[in-house]
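Working notes for the structure below.
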Amino acid sequence: MSAIGRTKQTGAIYYSPSETHPGLTLYAPLNGKEAVMVNMVGKTIQKWNLEYSPAGHVELLANGNLLVAGRVENGPMCHFDGSGGVLQELDKSGEVVWQHTDPMHHHTFLRLENGNTIYPKWVNVPREIAENVQGGLPGFDENGDMWGY
């Protein structure tokens, strides 16, 4: 049996300068522990080794630092898709210059112009509200509790 639709090929697969806008691409594979910035032809411009696997969101800040949502492997929400647990800001050399840990942190964040960072959190939906919710997604309940963000 073959893995149809799956590939381990990385880098610039196709590049047509007349059909693209020049720039850089930042990516962080969900099951890895790195973030990589590449140019239009796939050459690595910057690479950060991460302490945590990315939870789904990395962002290059105006000062050149990387802000990343990390997935804490042993947190209370680690079995839910979209769990995070830690936010880290790394300088260009990969040193942590700021960190915030919250076991209920979801996978994303927003850095505000004033330097503050906001993020969504997992919350236990009160039972009187949960009882009135129809449908839902499998895996977003545990021991009869409904979780949301």
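By order in the structure tokens, chains are A, B, ...; within a chain, residues start at 1; ligands start at 1, following the order shown.
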Near region 68-82 of chain A, 6 Å: region 98-135 of chain A residue rows, closest pairs, only C-alpha atoms, as JSON lines:
{"residue": "A:Pro103", "atom": "CA", "partner": "A:Gly75", "partner_atom": "CA", "distance": 5.6}
{"residue": "A:His106", "atom": "CA", "partner": "A:Gly82", "partner_atom": "CA", "distance": 5.8}
{"residue": "A:His107", "atom": "CA", "partner": "A:Gly82", "partner_atom": "CA", "distance": 5.0}
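Within region 12-147 of chain A, residues classed as alpha helix (DSSP H) by DSSP on backbone coordinates are Arg127, Glu128, Ile129 and Ala130 of chain A.
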Handout entry: Selection: 9 Å around Ala130 (chain A), only C-alpha atoms, excl. self and same-chain fewer than 6 positions, as a list in words
Key = Asp145, Met146 and Trp147 of chain A
The selected residues should be written to file as a compact mmCIF listing (two decimals), in the first residue's frame (atoms: all heavy atoms).
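Writing the result to out18.txt gives the following:
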# COMPACT_ATOMS: atom_id res chain seq x y z
N ASP A 145 -17.73 16.84 29.99
CA ASP A 145 -17.48 18.28 29.95
C ASP A 145 -17.27 18.73 28.51
O ASP A 145 -16.66 18.04 27.71
CB ASP A 145 -16.23 18.65 30.76
CG ASP A 145 -16.42 18.48 32.25
OD1 ASP A 145 -17.57 18.58 32.71
OD2 ASP A 145 -15.42 18.27 32.94
N MET A 146 -17.81 19.90 28.19
CA MET A 146 -17.59 20.49 26.87
C MET A 146 -16.51 21.56 27.00
O MET A 146 -16.50 22.35 27.93
CB MET A 146 -18.88 21.14 26.35
CG MET A 146 -18.68 21.82 24.99
SD MET A 146 -20.17 22.69 24.44
CE MET A 146 -21.17 21.30 23.97
N TRP A 147 -15.60 21.56 26.04
CA TRP A 147 -14.51 22.54 26.02
C TRP A 147 -14.62 23.42 24.80
O TRP A 147 -15.00 22.97 23.73
CB TRP A 147 -13.16 21.83 26.03
CG TRP A 147 -12.89 21.16 27.34
CD1 TRP A 147 -13.23 19.87 27.69
CD2 TRP A 147 -12.28 21.73 28.48
NE1 TRP A 147 -12.88 19.63 28.97
CE2 TRP A 147 -12.28 20.75 29.49
CE3 TRP A 147 -11.74 22.98 28.76
CZ2 TRP A 147 -11.74 20.97 30.75
CZ3 TRP A 147 -11.21 23.20 30.02
CH2 TRP A 147 -11.22 22.22 30.98
Handout entry: Surrounding residues of Leu61 (chain A) excluding itself and chain neighbours under 3 positions, 12 Å, only C-alpha atoms, as a PyMOL selection string
Key = chain A and resi 26+58+64-68+89-92+110-113+115+117
Completion exercise
Correct to one decimal, the distance CA of Leu50 (chain A)-CA of Met104 (chain A) is 20.2 Å
Exercise for the section: For CA of Ala35 (chain A) and CA of Ser83 (chain A), determine how far apart the two atoms are, in Å to one decimal place. Expected result: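 Calculated distance between CA of Ala35 (chain A) and CA of Ser83 (chain A) is 18.2 Å.
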Exercise for the section: Just the residues within 7 Å of Tyr27 (chain A), please, counting only C-alpha atoms, with nothing from its chain fewer than 2 positions along; format it as a ChimeraX atom specification. Expected result: /A:25,29,35-37
Those residues you just picked out, can you put them in a file as a PDB file, in the first residue's frame with N, CA, C and O atoms?
ATOM      1  N   THR A  25       9.231  33.099   2.766  1.00  0.00           N
ATOM      2  CA  THR A  25       8.212  32.226   3.333  1.00  0.00           C
ATOM      3  C   THR A  25       8.721  31.678   4.655  1.00  0.00           C
ATOM      4  O   THR A  25       9.834  31.160   4.721  1.00  0.00           O
ATOM      5  N   PRO A  29       7.035  23.047  10.491  1.00  0.00           N
ATOM      6  CA  PRO A  29       6.291  21.785  10.445  1.00  0.00           C
ATOM      7  C   PRO A  29       5.745  21.410  11.819  1.00  0.00           C
ATOM      8  O   PRO A  29       6.451  21.499  12.828  1.00  0.00           O
ATOM      9  N   ALA A  35      11.710  26.178  12.904  1.00  0.00           N
ATOM     10  CA  ALA A  35      11.013  27.132  12.040  1.00  0.00           C
ATOM     11  C   ALA A  35      12.051  27.568  11.014  1.00  0.00           C
ATOM     12  O   ALA A  35      13.219  27.785  11.348  1.00  0.00           O
ATOM     13  N   VAL A  36      11.621  27.687   9.772  1.00  0.00           N
ATOM     14  CA  VAL A  36      12.549  27.976   8.674  1.00  0.00           C
ATOM     15  C   VAL A  36      11.975  29.087   7.812  1.00  0.00           C
ATOM     16  O   VAL A  36      10.791  29.093   7.501  1.00  0.00           O
ATOM     17  N   MET A  37      12.846  30.015   7.416  1.00  0.00           N
ATOM     18  CA  MET A  37      12.469  31.062   6.470  1.00  0.00           C
ATOM     19  C   MET A  37      13.287  30.831   5.208  1.00  0.00           C
ATOM     20  O   MET A  37      14.518  30.711   5.262  1.00  0.00           O
TER      21      MET A  37
END
Practice task
Report the distance between CA of Ala28 (chain A) and CA of Asn114 (chain A) in Å, rounded to one decimal place.
Solution key: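 Computed distance, CA of Ala28 (chain A) to CA of Asn114 (chain A), equals 25.8 Å.
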